[in-house]
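**Q** This is the content of protein-v3.txt (compact mmCIF, C-alpha atoms and all ligand atoms):
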```
# COMPACT_ATOMS: atom_id res chain seq x y z
CA MET A 1 0.00 0.00 0.00
CA ILE A 2 1.35 3.39 -1.01
CA PHE A 3 -0.02 6.83 -0.23
CA VAL A 4 0.12 9.71 -2.70
CA THR A 5 -0.91 13.23 -1.68
CA ARG A 6 -1.76 16.24 -3.78
CA THR A 7 -1.73 19.64 -2.02
CA GLU A 8 -3.75 22.62 -3.22
CA HIS A 9 -4.53 26.04 -1.75
CA PHE A 10 -7.58 28.25 -1.70
CA SER A 11 -8.59 31.49 -0.02
CA ALA A 12 -12.13 32.02 1.16
CA SER A 13 -14.25 33.89 3.67
CA HIS A 14 -16.85 32.61 6.07
CA ARG A 15 -18.82 33.35 9.17
CA LEU A 16 -19.47 30.64 11.75
CA PHE A 17 -22.99 30.90 13.07
CA ASN A 18 -26.00 28.74 13.70
CA PRO A 19 -29.09 30.49 12.29
CA GLU A 20 -31.26 28.81 14.93
CA TRP A 21 -29.39 30.57 17.74
CA THR A 22 -29.47 34.16 18.96
CA ASP A 23 -26.61 36.54 18.23
CA GLU A 24 -25.53 36.15 21.87
CA GLU A 25 -25.39 32.34 21.67
CA ASN A 26 -23.44 32.51 18.41
CA ALA A 27 -21.00 35.02 19.91
CA ARG A 28 -20.55 32.83 22.99
CA VAL A 29 -19.85 29.64 21.00
CA PHE A 30 -18.05 30.96 17.93
CA ASP A 31 -16.52 34.12 19.45
CA LYS A 32 -14.73 36.24 16.80
CA CYS A 33 -15.37 33.54 14.15
CA SER A 34 -18.98 34.74 14.27
CA ASN A 35 -18.10 38.31 13.29
CA PRO A 36 -21.22 39.37 11.33
CA ASN A 37 -19.18 40.59 8.36
CA GLY A 38 -17.11 37.42 8.17
CA HIS A 39 -13.37 36.84 7.99
CA GLY A 40 -11.01 34.91 5.73
CA HIS A 41 -8.51 32.07 5.68
CA ASN A 42 -5.81 30.81 3.35
CA TYR A 43 -6.67 27.12 3.38
CA VAL A 44 -4.29 24.27 2.52
CA LEU A 45 -5.95 21.09 1.28
CA ASP A 46 -4.22 17.69 1.15
CA VAL A 47 -5.93 14.90 -0.77
CA THR A 48 -4.38 11.48 -0.18
CA ILE A 49 -4.89 8.47 -2.42
CA ALA A 50 -4.00 4.96 -1.27
CA GLY A 51 -3.38 1.98 -3.48
CA GLU A 52 -0.99 -0.36 -5.17
CA ILE A 53 1.50 0.69 -7.80
CA ASP A 54 0.30 -0.01 -11.33
CA PRO A 55 3.26 -1.87 -12.87
CA SER A 56 2.54 -0.48 -16.32
CA THR A 57 2.89 3.18 -15.20
CA GLY A 58 4.69 3.03 -11.85
CA TYR A 59 1.88 5.22 -10.46
CA VAL A 60 -0.77 4.70 -7.79
CA ILE A 61 -2.64 7.49 -9.57
CA ASP A 62 -1.48 9.90 -12.25
CA LEU A 63 -0.99 13.13 -10.26
CA LYS A 64 -1.93 15.22 -13.32
CA ILE A 65 -5.34 13.55 -13.26
CA LEU A 66 -5.70 13.91 -9.47
CA LYS A 67 -4.76 17.60 -9.70
CA GLU A 68 -7.40 18.17 -12.38
CA ILE A 69 -10.08 16.39 -10.31
CA VAL A 70 -9.25 18.43 -7.18
CA LEU A 71 -9.16 21.73 -9.08
CA THR A 72 -12.39 21.28 -11.03
CA SER A 73 -14.41 19.52 -8.30
CA VAL A 74 -13.56 21.71 -5.33
CA ILE A 75 -10.85 24.38 -5.60
CA ASP A 76 -12.48 26.27 -8.49
CA LYS A 77 -15.73 26.36 -6.49
CA LEU A 78 -14.13 27.44 -3.18
CA ASP A 79 -11.34 29.84 -4.11
CA HIS A 80 -12.16 33.52 -3.44
CA ARG A 81 -15.72 32.65 -2.41
CA ASN A 82 -17.92 33.28 0.57
CA LEU A 83 -18.40 29.78 2.01
CA ASN A 84 -21.73 30.74 3.60
CA THR A 85 -23.40 31.79 0.37
CA ASP A 86 -21.43 30.96 -2.79
CA VAL A 87 -20.79 27.21 -2.75
CA ASP A 88 -23.56 24.82 -3.78
CA PHE A 89 -22.14 21.82 -1.93
CA LEU A 90 -21.95 23.74 1.38
CA ARG A 91 -25.57 24.93 1.43
CA GLY A 92 -27.21 24.36 4.81
CA THR A 93 -23.96 23.64 6.68
CA ILE A 94 -21.97 25.75 9.12
CA PRO A 95 -18.70 26.19 7.16
CA THR A 96 -16.31 24.94 9.83
CA ALA A 97 -13.13 23.16 8.75
CA GLU A 98 -14.78 19.88 9.82
CA ASN A 99 -17.84 20.37 7.63
CA LEU A 100 -15.65 21.60 4.77
CA ALA A 101 -13.44 18.50 4.94
CA VAL A 102 -16.49 16.18 4.81
CA ALA A 103 -18.07 18.17 1.96
CA ILE A 104 -14.79 18.10 0.00
CA TRP A 105 -14.59 14.32 0.52
CA ASN A 106 -18.16 13.93 -0.74
CA GLU A 107 -17.37 15.98 -3.86
CA LEU A 108 -14.15 14.12 -4.63
CA SER A 109 -15.13 10.57 -3.78
CA PRO A 110 -17.38 9.82 -6.83
CA ARG A 111 -14.66 11.15 -9.16
CA ILE A 112 -11.80 9.05 -7.81
CA PRO A 113 -11.38 5.33 -8.57
CA SER A 114 -13.37 3.33 -6.03
CA GLY A 115 -11.79 2.80 -2.63
CA LYS A 116 -8.69 4.85 -3.41
CA LEU A 117 -9.57 8.14 -1.67
CA TYR A 118 -7.91 7.74 1.73
CA ARG A 119 -7.76 11.14 3.44
CA VAL A 120 -8.83 14.75 3.11
CA ALA A 121 -6.85 17.07 5.38
CA LEU A 122 -7.73 20.73 5.61
CA ARG A 123 -5.44 23.24 7.29
CA GLU A 124 -7.38 26.37 8.18
CA THR A 125 -4.60 28.14 10.08
CA VAL A 126 -1.00 27.26 10.87
CA ASN A 127 -2.31 25.86 14.16
CA ASN A 128 -5.49 24.05 13.09
CA ILE A 129 -5.83 21.02 10.84
CA VAL A 130 -8.83 18.73 10.31
CA GLU A 131 -8.49 15.25 8.80
CA TYR A 132 -11.32 13.13 7.40
CA LEU A 133 -10.86 9.47 6.50
CA GLY A 134 -14.33 8.90 5.12
CA PRO A 135 -17.62 7.61 6.48
CA LYS A 136 -16.48 4.40 8.19
ZN ZN B 201 -12.67 31.12 10.29
```
Can the structure in the file be given as structure tokens, please?
**A**
Amino acid sequence: MIFVTRTEHFSASHRLFNPEWTDEENARVFDKCSNPNGHGHNYVLDVTIAGEIDPSTGYVIDLKILKEIVLTSVIDKLDHRNLNTDVDFLRGTIPTAENLAVAIWNELSPRIPSGKLYRVALRETVNNIVEYLGPK
């Protein structure tokens, strides 16, 4: 088993808030992340593929193909967007790094050969990273 990771970057804004809560509850739970006018992050996304080496190519997956899948499925839709309003696959979710990582997995998984998507890791700040290994 070999792991291959493609890293991409995107910049986006968001506001963390639960619309079912009062402004006070949101401020208490999300603190400055619930600033009504939002704030931004420079996100770093790692997408890891696991598999065996194909003897005919020497690859687990062609990284040119993986790059294209990651760019067209998620990065193009997230980069320089407001995550609360602009991204179809985030509608109805609080755009935390956790929810983003799961949504990115769900977008990528049907486009990647079955069983090969191993990990989505999303770094929101230099201190905070979220990793999702799929729904198992
Ligand atoms: Zn934030």
**Q** Neighbours of ligand ZN 201 (chain B) within 7 Å, counting all atoms listed in the file, as a list in words?
**A**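 Written in the requested form, the residues are His14, Arg15, Leu16, Cys33, His39, Gly40 and His41 of chain A.
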**Q** Which is closer to Trp105 of chain A than all the others in A:Leu117, A:Val87, A:Ala27, A:Leu71, using all atoms listed in the file?
**A**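 Counting all atoms listed in the file, the residue closest to Trp105 of chain A is A:Leu117.
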**Q** Report the centre and edge lengths, in Å to one decimal, of an axis-aligned box enclosing every atom of segment 97-114 of chain A listed in the file, padded by 5 Å on each side, as AutoDock Vina command-line options.
**A**
```
--center_x -14.8 --center_y 13.2 --center_z 0.3 --size_x 16.8 --size_y 29.8 --size_z 29.0
```
**Q** Would you list the contacts of segment 122-134 of chain A as a PyMOL selection string, taking every protein, DNA or RNA residue within 10 Å and counting all atoms listed in the file, but skipping same-chain residues closer than 6 positions in sequence?
**A** chain A and resi 7-9+11+40-48+96-102+104-106+109
**Q** Under the rule that only C-alpha atoms are counted, which of A:Phe17, A:Leu63, A:Lys77, A:Thr57 is the nearest residue to Val29 of chain A?
**A**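 For Val29 of chain A, the nearest of the given residues is A:Phe17.
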**Q** By how many Å are atom CA of Leu78 of chain A and atom CA of Gly115 of chain A apart?
**A**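 For atom CA of Leu78 of chain A relative to atom CA of Gly115 of chain A, the distance reads 24.8 Å.
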**Q** What separation in Å, quoted to one decimal, exists between atom CA of Ala12 of chain A and atom CA of Asp79 of chain A?
**A**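 Distance reported for this atom pair: 5.8 Å.
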**Q** Could you please fill out segment 64-76 of chain A with N, CA and C atoms and send it back as an mmCIF file, in the coordinates of the input?
**A**
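Result file follows (part_37.cif):
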```
data_model
loop_
_atom_site.group_PDB
_atom_site.id
_atom_site.type_symbol
_atom_site.label_atom_id
_atom_site.label_comp_id
_atom_site.auth_asym_id
_atom_site.auth_seq_id
_atom_site.Cartn_x
_atom_site.Cartn_y
_atom_site.Cartn_z
ATOM 1 N N LYS A 64 -1.318 14.210 -12.424
ATOM 2 C CA LYS A 64 -1.930 15.220 -13.320
ATOM 3 C C LYS A 64 -3.448 15.062 -13.296
ATOM 4 N N ILE A 65 -3.898 13.818 -13.295
ATOM 5 C CA ILE A 65 -5.340 13.550 -13.260
ATOM 6 C C ILE A 65 -5.919 13.930 -11.899
ATOM 7 N N LEU A 66 -5.223 13.553 -10.816
ATOM 8 C CA LEU A 66 -5.700 13.910 -9.470
ATOM 9 C C LEU A 66 -5.783 15.429 -9.314
ATOM 10 N N LYS A 67 -4.757 16.135 -9.778
ATOM 11 C CA LYS A 67 -4.760 17.600 -9.700
ATOM 12 C C LYS A 67 -5.988 18.182 -10.400
ATOM 13 N N GLU A 68 -6.275 17.680 -11.591
ATOM 14 C CA GLU A 68 -7.400 18.170 -12.380
ATOM 15 C C GLU A 68 -8.735 17.909 -11.656
ATOM 16 N N ILE A 69 -8.862 16.723 -11.059
ATOM 17 C CA ILE A 69 -10.080 16.390 -10.310
ATOM 18 C C ILE A 69 -10.247 17.333 -9.121
ATOM 19 N N VAL A 70 -9.163 17.568 -8.373
ATOM 20 C CA VAL A 70 -9.250 18.430 -7.180
ATOM 21 C C VAL A 70 -9.566 19.862 -7.590
ATOM 22 N N LEU A 71 -8.915 20.340 -8.651
ATOM 23 C CA LEU A 71 -9.160 21.730 -9.080
ATOM 24 C C LEU A 71 -10.597 21.914 -9.552
ATOM 25 N N THR A 72 -11.061 21.039 -10.431
ATOM 26 C CA THR A 72 -12.390 21.280 -11.030
ATOM 27 C C THR A 72 -13.525 20.920 -10.073
ATOM 28 N N SER A 73 -13.317 19.940 -9.183
ATOM 29 C CA SER A 73 -14.410 19.520 -8.300
ATOM 30 C C SER A 73 -14.563 20.419 -7.086
ATOM 31 N N VAL A 74 -13.448 20.927 -6.566
ATOM 32 C CA VAL A 74 -13.560 21.710 -5.330
ATOM 33 C C VAL A 74 -12.841 23.061 -5.347
ATOM 34 N N ILE A 75 -11.605 23.115 -5.748
ATOM 35 C CA ILE A 75 -10.850 24.380 -5.600
ATOM 36 C C ILE A 75 -11.498 25.500 -6.410
ATOM 37 N N ASP A 76 -11.859 25.222 -7.656
ATOM 38 C CA ASP A 76 -12.480 26.270 -8.490
ATOM 39 C C ASP A 76 -13.772 26.795 -7.875
#
```
